[in-house]
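Here's protein11.tsv, which has TSV, C-alpha atoms:
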chain	number	residue	atom	x	y	z
A	168	MET	CA	-17.15	-30.96	40.07
A	169	ASN	CA	-17.59	-29.60	36.54
A	170	ILE	CA	-15.81	-26.29	36.07
A	171	ILE	CA	-16.52	-23.83	33.26
A	172	ARG	CA	-13.75	-21.27	32.94
A	173	GLY	CA	-12.84	-21.89	36.55
A	174	ILE	CA	-16.28	-20.96	37.95
A	175	PRO	CA	-18.47	-23.59	39.66
A	176	PRO	CA	-21.79	-24.09	37.79
A	177	ILE	CA	-23.89	-23.14	40.82
A	178	LEU	CA	-22.16	-19.75	41.05
A	179	THR	CA	-22.69	-19.23	37.34
A	180	ALA	CA	-26.42	-19.88	37.81
A	181	VAL	CA	-26.63	-17.49	40.78
A	182	ALA	CA	-24.84	-14.78	38.83
A	183	ALA	CA	-27.22	-15.23	35.92
A	184	LEU	CA	-30.19	-14.92	38.26
A	185	LEU	CA	-28.82	-11.72	39.77
A	186	LEU	CA	-28.31	-10.24	36.32
A	187	GLN	CA	-31.84	-11.18	35.31
A	188	SER	CA	-33.52	-9.74	38.44
A	189	PRO	CA	-33.48	-6.06	37.42
A	190	ALA	CA	-34.76	-6.98	33.96
A	191	LEU	CA	-37.45	-9.18	35.52
A	192	ALA	CA	-38.66	-6.36	37.75
A	193	GLN	CA	-38.57	-3.86	34.90
A	194	ALA	CA	-40.68	-6.07	32.63
A	195	TYR	CA	-43.13	-7.22	35.31
A	196	PRO	CA	-46.05	-7.66	34.91
A	197	THR	CA	-46.47	-8.93	31.37
A	198	LYS	CA	-49.93	-10.43	32.00
A	199	PRO	CA	-52.85	-9.97	34.43
A	200	VAL	CA	-52.13	-10.35	38.15
A	201	ARG	CA	-54.52	-12.21	40.45
A	202	PHE	CA	-55.18	-10.36	43.71
A	203	ILE	CA	-56.92	-12.70	46.16
A	204	VAL	CA	-59.25	-11.03	48.66
A	205	PRO	CA	-60.21	-13.74	51.17
A	206	PHE	CA	-63.57	-12.21	52.06
A	207	ALA	CA	-66.86	-11.54	50.29
A	208	PRO	CA	-67.37	-8.41	48.16
A	209	GLY	CA	-68.45	-5.25	49.97
A	210	GLY	CA	-66.52	-5.52	53.23
A	211	ASN	CA	-63.63	-3.33	54.30
A	212	THR	CA	-61.05	-5.87	53.08
A	213	ASP	CA	-62.68	-5.94	49.65
A	214	VAL	CA	-62.86	-2.13	49.50
A	215	GLN	CA	-59.14	-1.83	50.23
A	216	GLY	CA	-58.24	-4.59	47.79
A	217	ARG	CA	-60.22	-3.07	44.92
A	218	LEU	CA	-58.73	0.38	45.54
A	219	ILE	CA	-55.17	-0.98	45.50
A	220	GLY	CA	-55.91	-3.23	42.51
A	221	GLN	CA	-57.34	-0.37	40.47
A	222	LYS	CA	-54.35	1.87	41.10
A	223	LEU	CA	-51.86	-0.92	40.35
A	224	SER	CA	-53.66	-1.58	37.04
A	225	GLU	CA	-53.20	2.09	36.14
A	226	ILE	CA	-49.47	1.97	36.92
A	227	TRP	CA	-48.76	-1.38	35.28
A	228	GLY	CA	-50.98	-1.19	32.25
A	229	GLN	CA	-52.09	-4.71	33.12
A	230	GLN	CA	-55.34	-5.89	34.69
A	231	VAL	CA	-55.31	-6.73	38.39
A	232	VAL	CA	-58.08	-9.28	38.83
A	233	ILE	CA	-59.78	-9.26	42.23
A	234	ASP	CA	-60.50	-12.86	43.23
A	235	ASN	CA	-62.86	-12.96	46.23
A	236	ARG	CA	-62.41	-16.25	48.12
A	237	PRO	CA	-64.38	-16.01	51.39
A	238	GLY	CA	-64.59	-18.73	54.01
A	239	ALA	CA	-63.23	-19.88	57.37
A	240	GLY	CA	-62.40	-16.38	58.59
A	241	GLY	CA	-60.36	-15.57	55.50
A	242	THR	CA	-58.06	-18.58	55.87
A	243	LEU	CA	-59.29	-20.34	52.72
A	244	GLY	CA	-58.20	-17.49	50.46
A	245	VAL	CA	-54.83	-17.16	52.18
A	246	GLU	CA	-54.25	-20.91	51.88
A	247	LEU	CA	-55.02	-20.70	48.17
A	248	ALA	CA	-52.45	-17.92	47.78
A	249	SER	CA	-49.83	-19.84	49.78
A	250	LYS	CA	-50.10	-22.75	47.33
A	251	ALA	CA	-50.04	-20.65	44.15
A	252	ALA	CA	-47.05	-20.53	41.82
A	253	PRO	CA	-44.46	-18.11	43.25
A	254	ASP	CA	-44.07	-16.24	39.97
A	255	GLY	CA	-45.35	-12.83	41.03
A	256	TYR	CA	-48.75	-13.26	39.41
A	257	THR	CA	-50.64	-14.06	42.61
A	258	ILE	CA	-50.80	-11.78	45.65
A	259	VAL	CA	-53.22	-11.76	48.58
A	260	LEU	CA	-54.67	-9.15	50.92
A	261	ALA	CA	-54.26	-10.83	54.30
A	262	SER	CA	-55.66	-9.63	57.61
A	263	PHE	CA	-55.50	-9.80	61.40
A	264	GLY	CA	-57.49	-13.02	61.75
A	265	ASN	CA	-55.86	-15.15	59.08
A	266	ILE	CA	-52.25	-14.16	59.79
A	267	LEU	CA	-51.72	-12.83	63.32
A	268	VAL	CA	-54.11	-15.13	65.21
A	269	GLY	CA	-54.93	-17.90	62.73
A	270	PRO	CA	-52.08	-20.21	63.79
A	271	SER	CA	-53.24	-20.02	67.42
A	272	LEU	CA	-56.99	-20.24	66.67
A	273	TYR	CA	-57.14	-23.13	64.24
A	274	GLN	CA	-55.97	-26.60	65.17
A	275	LYS	CA	-55.35	-27.37	61.51
A	276	LEU	CA	-54.32	-24.43	59.36
A	277	GLY	CA	-53.36	-25.16	55.77
A	278	TYR	CA	-50.41	-22.77	55.75
A	279	ASP	CA	-47.71	-21.23	57.90
A	280	PRO	CA	-47.87	-17.40	57.65
A	281	VAL	CA	-44.08	-17.12	57.93
A	282	LYS	CA	-42.88	-20.17	55.99
A	283	ASN	CA	-45.43	-20.26	53.18
A	284	LEU	CA	-45.87	-16.55	52.45
A	285	ASP	CA	-43.50	-13.69	51.68
A	286	PRO	CA	-44.20	-10.18	53.05
A	287	VAL	CA	-44.78	-7.46	50.48
A	288	VAL	CA	-46.19	-4.36	52.21
A	289	LEU	CA	-48.25	-3.36	55.25
A	290	VAL	CA	-51.53	-1.83	54.07
A	291	SER	CA	-53.14	-0.39	57.21
A	292	THR	CA	-53.64	-0.84	60.94
A	293	PRO	CA	-57.14	0.56	61.56
A	294	PRO	CA	-58.25	1.06	65.15
A	295	GLY	CA	-61.43	-0.17	66.73
A	296	LEU	CA	-63.95	2.22	68.23
A	297	MET	CA	-65.03	1.54	71.81
A	298	THR	CA	-68.76	2.25	71.63
A	299	VAL	CA	-71.42	2.04	74.33
A	300	ASN	CA	-75.16	2.41	74.56
A	301	PRO	CA	-75.93	6.07	75.41
A	302	LEU	CA	-78.02	4.95	78.40
A	303	LEU	CA	-74.90	3.58	80.08
A	304	PRO	CA	-73.80	6.12	82.74
A	305	ALA	CA	-70.23	6.35	81.48
A	306	LYS	CA	-68.96	9.29	79.45
A	307	ASN	CA	-65.34	8.14	79.20
A	308	VAL	CA	-63.10	5.09	79.71
A	309	LYS	CA	-62.32	5.92	83.33
A	310	GLU	CA	-66.03	6.13	84.20
A	311	PHE	CA	-66.69	2.91	82.25
A	312	ILE	CA	-64.09	1.02	84.28
A	313	ALA	CA	-65.48	2.42	87.53
A	314	TYR	CA	-69.01	1.39	86.53
A	315	ALA	CA	-67.87	-2.10	85.55
A	316	ARG	CA	-66.09	-2.58	88.88
A	317	ALA	CA	-69.17	-1.42	90.76
A	318	ASN	CA	-71.37	-3.81	88.74
A	319	PRO	CA	-69.32	-6.98	88.30
A	320	GLY	CA	-70.73	-9.42	85.75
A	321	LYS	CA	-73.54	-7.09	84.65
A	322	LEU	CA	-71.90	-5.86	81.44
A	323	ASN	CA	-72.20	-7.72	78.14
A	324	TYR	CA	-69.99	-7.03	75.16
A	325	GLY	CA	-70.54	-8.20	71.61
A	326	SER	CA	-68.11	-9.24	68.91
A	327	ALA	CA	-68.10	-10.57	65.35
A	328	GLY	CA	-67.32	-14.03	66.72
A	329	ASN	CA	-64.84	-16.00	68.80
A	330	GLY	CA	-61.25	-15.04	68.02
A	331	THR	CA	-62.12	-11.96	65.96
A	332	TRP	CA	-60.30	-8.73	66.67
A	333	ASN	CA	-63.42	-7.29	68.36
A	334	HIS	CA	-63.34	-10.20	70.80
A	335	LEU	CA	-59.60	-9.97	71.48
A	336	PHE	CA	-59.58	-6.18	71.84
A	337	ALA	CA	-62.28	-6.45	74.51
A	338	GLU	CA	-60.48	-9.27	76.30
A	339	GLN	CA	-57.27	-7.26	76.37
A	340	PHE	CA	-59.27	-4.37	77.83
A	341	LYS	CA	-60.80	-6.66	80.48
A	342	ALA	CA	-57.40	-7.99	81.51
A	343	LEU	CA	-55.74	-4.58	81.83
A	344	ALA	CA	-58.74	-2.94	83.53
A	345	LYS	CA	-59.30	-5.94	85.82
A	346	ILE	CA	-63.05	-5.98	85.21
A	347	GLN	CA	-65.67	-8.62	84.43
A	348	MET	CA	-67.70	-8.61	81.21
A	349	THR	CA	-69.62	-11.37	79.45
A	350	HIS	CA	-68.77	-12.10	75.82
A	351	VAL	CA	-71.67	-12.49	73.38
A	352	PRO	CA	-70.39	-13.64	69.94
A	353	TYR	CA	-72.32	-12.79	66.77
A	354	LYS	CA	-71.90	-13.71	63.11
A	355	GLY	CA	-70.60	-10.26	62.31
A	356	ALA	CA	-70.02	-6.81	63.74
A	357	ALA	CA	-73.22	-5.33	62.29
A	358	PRO	CA	-75.66	-7.49	64.30
A	359	ALA	CA	-73.63	-6.87	67.45
A	360	VAL	CA	-73.89	-3.11	66.90
A	361	THR	CA	-77.64	-3.48	66.27
A	362	ASP	CA	-78.07	-5.18	69.64
A	363	LEU	CA	-75.88	-2.55	71.29
A	364	ILE	CA	-78.27	0.11	70.01
A	365	GLY	CA	-81.19	-1.98	71.26
A	366	GLY	CA	-79.74	-2.18	74.77
A	367	TYR	CA	-79.04	-5.92	74.79
A	368	LEU	CA	-75.31	-5.18	75.00
A	369	GLN	CA	-73.46	-2.44	76.84
A	370	VAL	CA	-70.24	-2.17	74.80
A	371	VAL	CA	-68.79	-3.21	71.44
A	372	PHE	CA	-65.30	-2.62	70.12
A	373	ALA	CA	-66.62	-1.88	66.65
A	374	PRO	CA	-65.13	-1.21	63.21
A	375	PHE	CA	-65.38	2.41	62.11
A	376	PRO	CA	-67.56	1.79	59.01
A	377	THR	CA	-70.15	-0.07	61.10
A	378	ALA	CA	-70.24	2.27	64.09
A	379	MET	CA	-69.72	5.76	62.68
A	380	PRO	CA	-73.24	6.37	61.25
A	381	HIS	CA	-74.75	5.50	64.65
A	382	VAL	CA	-72.23	7.62	66.54
A	383	LYS	CA	-73.09	10.58	64.33
A	384	SER	CA	-76.82	10.03	64.83
A	385	GLY	CA	-76.43	9.80	68.61
A	386	ARG	CA	-77.63	6.20	68.86
A	387	LEU	CA	-74.16	5.17	70.09
A	388	ARG	CA	-71.56	6.93	72.21
A	389	ALA	CA	-67.91	6.64	71.20
A	390	LEU	CA	-65.72	6.51	74.30
A	391	ALA	CA	-62.32	6.01	72.71
A	392	VAL	CA	-60.26	4.61	69.84
A	393	THR	CA	-58.13	1.55	70.51
A	394	SER	CA	-54.94	2.59	68.72
A	395	ALA	CA	-51.89	4.27	70.21
A	396	GLN	CA	-52.69	7.55	68.43
A	397	ARG	CA	-55.98	9.28	67.81
A	398	SER	CA	-57.76	8.60	64.55
A	399	PRO	CA	-57.67	11.33	61.88
A	400	VAL	CA	-61.38	10.61	61.37
A	401	LEU	CA	-62.26	11.38	65.03
A	402	PRO	CA	-59.45	13.61	66.27
A	403	GLU	CA	-61.54	14.80	69.22
A	404	THR	CA	-62.03	11.23	70.49
A	405	PRO	CA	-59.22	10.15	72.85
A	406	THR	CA	-57.41	6.84	72.82
A	407	VAL	CA	-58.22	4.19	75.42
A	408	SER	CA	-54.74	4.63	76.84
A	409	GLU	CA	-54.95	8.39	77.38
A	410	SER	CA	-58.51	8.36	78.70
A	411	GLY	CA	-58.32	5.86	81.52
A	412	LEU	CA	-56.32	2.72	80.74
A	413	PRO	CA	-52.60	3.49	80.26
A	414	GLY	CA	-50.71	0.95	78.21
A	415	TYR	CA	-53.69	-0.27	76.20
A	416	GLU	CA	-53.08	-0.46	72.45
A	417	ALA	CA	-54.87	-2.54	69.84
A	418	ALA	CA	-55.25	-2.19	66.10
A	419	SER	CA	-56.50	-4.35	63.29
A	420	TRP	CA	-54.14	-5.25	60.47
A	421	PHE	CA	-54.08	-5.65	56.68
A	422	ALA	CA	-51.12	-6.54	54.47
A	423	VAL	CA	-50.22	-7.71	50.97
A	424	LEU	CA	-48.39	-11.04	50.88
A	425	ALA	CA	-47.14	-13.32	48.10
A	426	PRO	CA	-46.44	-17.06	47.86
A	427	ALA	CA	-43.10	-17.98	49.43
A	428	GLY	CA	-40.34	-17.98	46.86
A	429	THR	CA	-41.70	-15.12	44.76
A	430	PRO	CA	-38.71	-13.36	43.13
A	431	LYS	CA	-37.36	-10.64	45.41
A	432	ALA	CA	-37.13	-8.22	42.52
A	433	VAL	CA	-40.87	-8.60	41.89
A	434	ILE	CA	-41.70	-8.23	45.59
A	435	HIS	CA	-39.71	-5.00	45.80
A	436	LYS	CA	-41.37	-3.66	42.64
A	437	VAL	CA	-44.87	-4.36	43.97
A	438	ASN	CA	-43.85	-2.85	47.31
A	439	ALA	CA	-42.51	0.31	45.65
A	440	ASP	CA	-45.58	0.73	43.47
A	441	ILE	CA	-48.01	0.30	46.37
A	442	ASN	CA	-46.01	2.81	48.41
A	443	ARG	CA	-46.39	5.23	45.49
A	444	ILE	CA	-50.14	4.63	45.55
A	445	PHE	CA	-50.29	5.26	49.31
A	446	ALA	CA	-48.63	8.66	48.87
A	447	ARG	CA	-51.52	9.93	46.72
A	448	PRO	CA	-53.91	12.31	48.53
A	449	ASP	CA	-57.01	10.68	47.02
A	450	VAL	CA	-55.92	7.24	48.25
A	451	ARG	CA	-55.10	8.53	51.72
A	452	ALA	CA	-58.52	10.17	51.86
A	453	ALA	CA	-60.20	6.94	50.79
A	454	PHE	CA	-58.69	5.05	53.73
A	455	THR	CA	-60.46	7.26	56.25
A	456	PHE	CA	-63.60	5.11	55.85
A	457	ASP	CA	-61.81	2.62	58.10
A	458	GLY	CA	-60.60	5.23	60.57
A	459	SER	CA	-57.03	4.78	59.42
A	460	GLU	CA	-54.34	5.87	57.00
A	461	PRO	CA	-52.37	3.71	54.55
A	462	ALA	CA	-49.24	2.34	56.20
A	463	GLY	CA	-46.64	1.32	53.59
A	464	GLY	CA	-43.00	0.63	54.43
A	465	THR	CA	-40.61	-2.12	53.36
A	466	PRO	CA	-41.12	-5.89	53.19
A	467	GLU	CA	-38.75	-6.10	56.16
A	468	ASP	CA	-40.99	-3.73	58.14
A	469	LEU	CA	-43.94	-6.00	57.41
A	470	ALA	CA	-42.00	-9.11	58.47
A	471	GLY	CA	-41.35	-7.46	61.83
A	472	SER	CA	-45.01	-6.49	62.18
A	473	ILE	CA	-46.04	-10.11	61.54
A	474	ARG	CA	-43.63	-11.45	64.17
A	475	GLU	CA	-44.76	-8.93	66.79
A	476	GLY	CA	-48.47	-9.36	66.05
A	477	MET	CA	-48.34	-13.15	66.12
A	478	ALA	CA	-46.52	-13.07	69.45
A	479	LYS	CA	-48.87	-10.56	71.09
A	480	TRP	CA	-52.23	-11.84	69.90
A	481	GLY	CA	-51.26	-15.49	69.78
A	482	LYS	CA	-50.42	-15.37	73.47
A	483	LEU	CA	-53.82	-13.83	74.27
A	484	VAL	CA	-55.64	-16.50	72.24
A	485	ARG	CA	-53.72	-19.25	74.04
A	486	ASP	CA	-54.33	-17.65	77.44
A	487	LEU	CA	-58.07	-17.49	76.71
A	488	GLY	CA	-58.11	-21.04	75.38
A	489	VAL	CA	-60.02	-19.99	72.26
A	490	LYS	CA	-60.15	-22.65	69.52
A	491	LEU	CA	-62.06	-22.80	66.23
Let me see the file written as C-alpha cells.
Amino acid sequence: MNIIRGIPPILTAVAALLLQSPALAQAYPTKPVRFIVPFAPGGNTDVQGRLIGQKLSEIWGQQVVIDNRPGAGGTLGVELASKAAPDGYTIVLASFGNILVGPSLYQKLGYDPVKNLDPVVLVSTPPGLMTVNPLLPAKNVKEFIAYARANPGKLNYGSAGNGTWNHLFAEQFKALAKIQMTHVPYKGAAPAVTDLIGGYLQVVFAPFPTAMPHVKSGRLRALAVTSAQRSPVLPETPTVSESGLPGYEAASWFAVLAPAGTPKAVIHKVNADINRIFARPDVRAAFTFDGSEPAGGTPEDLAGSIREGMAKWGKLVRDLGVKL
C-alpha cells in the first residue's frame, strides 16, 4: 500500500472530500438546475413544482428550469431523474403513484425508489375529500356506511384509474367499513367527478382542486377528509376517522428527490432552502389549493415516510392484485 506521510491514500481522498463539502454547498448552484415534474403542465404537481422552482430561483440567483415529463403515471419522469448525473443539477418532484405504489403496481419499473434516488424533502401530504352525490341519503360517514350495508353492491365509486390514490383510498375505506362498492376507473379525477354530479356514481374520493368548486356550489356533498387531521381549507368538515370509521387515515404524497449519489452537502442545502420557502406565509397560503400545508423536515424524515408509505400502500396493492 502506498503511504503518503503515513496516511493511506483512500483516507486522504475522503478527508479532501469532507473539506470540499462545505465549499461545494456554499457555491451551489453555479448554473441552472433542472427540476423534473413528471406530469403535464397545469396539474397540482406542476403547480407545486413551479412555485418551489420560482422561490428557489430567487434564493439562488440561478434559473430553476421546470422540465415537464408526463407519461406512465409519472414513472417516466422519475426514471429520467434516477438516471441523471448525481451532481445536484437535477431534482424531481415525485408523488404517491410513482414512489409509494409504483414498485407494487408495475411489473417492470425502470428504477428503485430507495436505491436509485436520494430523499431531499417532503413537500406535502394533501388529503382526499370524500364526496357524494347530494341525492344520496347520507349526511355523514356513519350514515354512508349504514346505507352501503343496507344496499350491498348498489354503490359505485369512481377514481382516476387503477392504482391511483383515489382508487386505493376507497379500497381502504371498503376494507375497514366492511362494505361492498363497485370500482369504476376513469382517465382522470375530473371525469369521475362529472359523473358523480350526474348521478352515475355515488361517491368519489376526490382531490380538493377538482371537488371544491362543486362542493361550494352545492352540486356535491363533502362528507369528510381522509387525513388524520382536519384540513385548514375545510375546518368544519370532519375526518373520516372521527365521523364514523375510527382508524382510517389516507393522504396523498409529494416529495423532492435527487439521483442517488448526489453530494450530501448539496442535498442538505436544497433541503434547508426549501424549508425556508415553506416557512413563508405566501407559500403556505398557496398550498391551500390542494387542501394541505407544506410539510418540510429533514431528508431522514422523508426516508422514513417513503419506507412507511411503500409498506402500507404496497401491501394494499398486492392484496387487491392490481397490476399495470
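Checking A:Leu483, A:Leu424, A:Val231, A:Val214 one by one against A:Lys198, counting only C-alpha atoms, you find the shortest gap at A:Val231.
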Wanna dump the stretch 313-360 of chain A-stretch 234-252 of chain A contacts at 12 Å for me, each residue with its shortest atom pair and the distance in Å to one decimal, counting all atoms listed in the file, ordered by chain and number, as CSV?
residue,atom,partner,partner_atom,distance
A:Ala327,CA,A:Gly240,CA,10.6
A:Gly328,CA,A:Gly240,CA,9.8
A:Asn329,CA,A:Gly240,CA,10.5
A:Gly330,CA,A:Gly240,CA,9.6
A:Thr331,CA,A:Gly240,CA,8.6
A:Trp332,CA,A:Gly240,CA,11.3
A:Lys354,CA,A:Gly240,CA,10.9
A:Gly355,CA,A:Gly240,CA,10.9
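Picture a line from atom CA of A:Ser472 to atom CA of A:Gln274; it runs 23.1 Å.
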Long-range neighbours of A:Ala313 as a ChimeraX atom specification, 12 Å cut-off, all atoms listed in the file, 3 positions minimum in chain: /A:304-310,316-319,344-347,411-412
Among the residues A:Leu289, A:Ala207, A:Ala373, A:Met348, the one that comes closest to A:Ser326 [using all atoms listed in the file]: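 Distance minimum relative to A:Ser326 lands on A:Ala373.
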Atom-to-atom span, atom CA of A:Gln339 and atom CA of A:Tyr415, Å: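 Spanning atom CA of A:Gln339 to atom CA of A:Tyr415 is a straight-line distance of 7.9 Å.
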Two-atom distance - atom CA of A:Val423, atom CA of A:Trp480 (Å):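 It comes out at 19.5 Å.
Proximity of A:Pro413, A:Pro380, A:Gly366, A:Pro286 to A:Gly463, computed with all atoms listed in the file, is greatest for A:Pro286.
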Selected residue, from A:Arg447, A:Arg217, A:Lys431, A:His334, that lies nearest to A:Pro374 when counting all atoms listed in the file: A:His334
Neighbour list for A:Leu267 as a PyMOL selection string, cut-off 12 Å, only C-alpha atoms, skip fewer than 6 positions in-chain: chain A and resi 241-242+261+273+279-281+330-332+335+418-422+469-484
Given only C-alpha atoms as the counted atoms, nearest of A:Asn442, A:Thr298, A:Gln369, A:Thr212 to A:Asn323: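 Nearest candidate to A:Asn323 out of A:Asn442, A:Thr298, A:Gln369, A:Thr212: A:Gln369.
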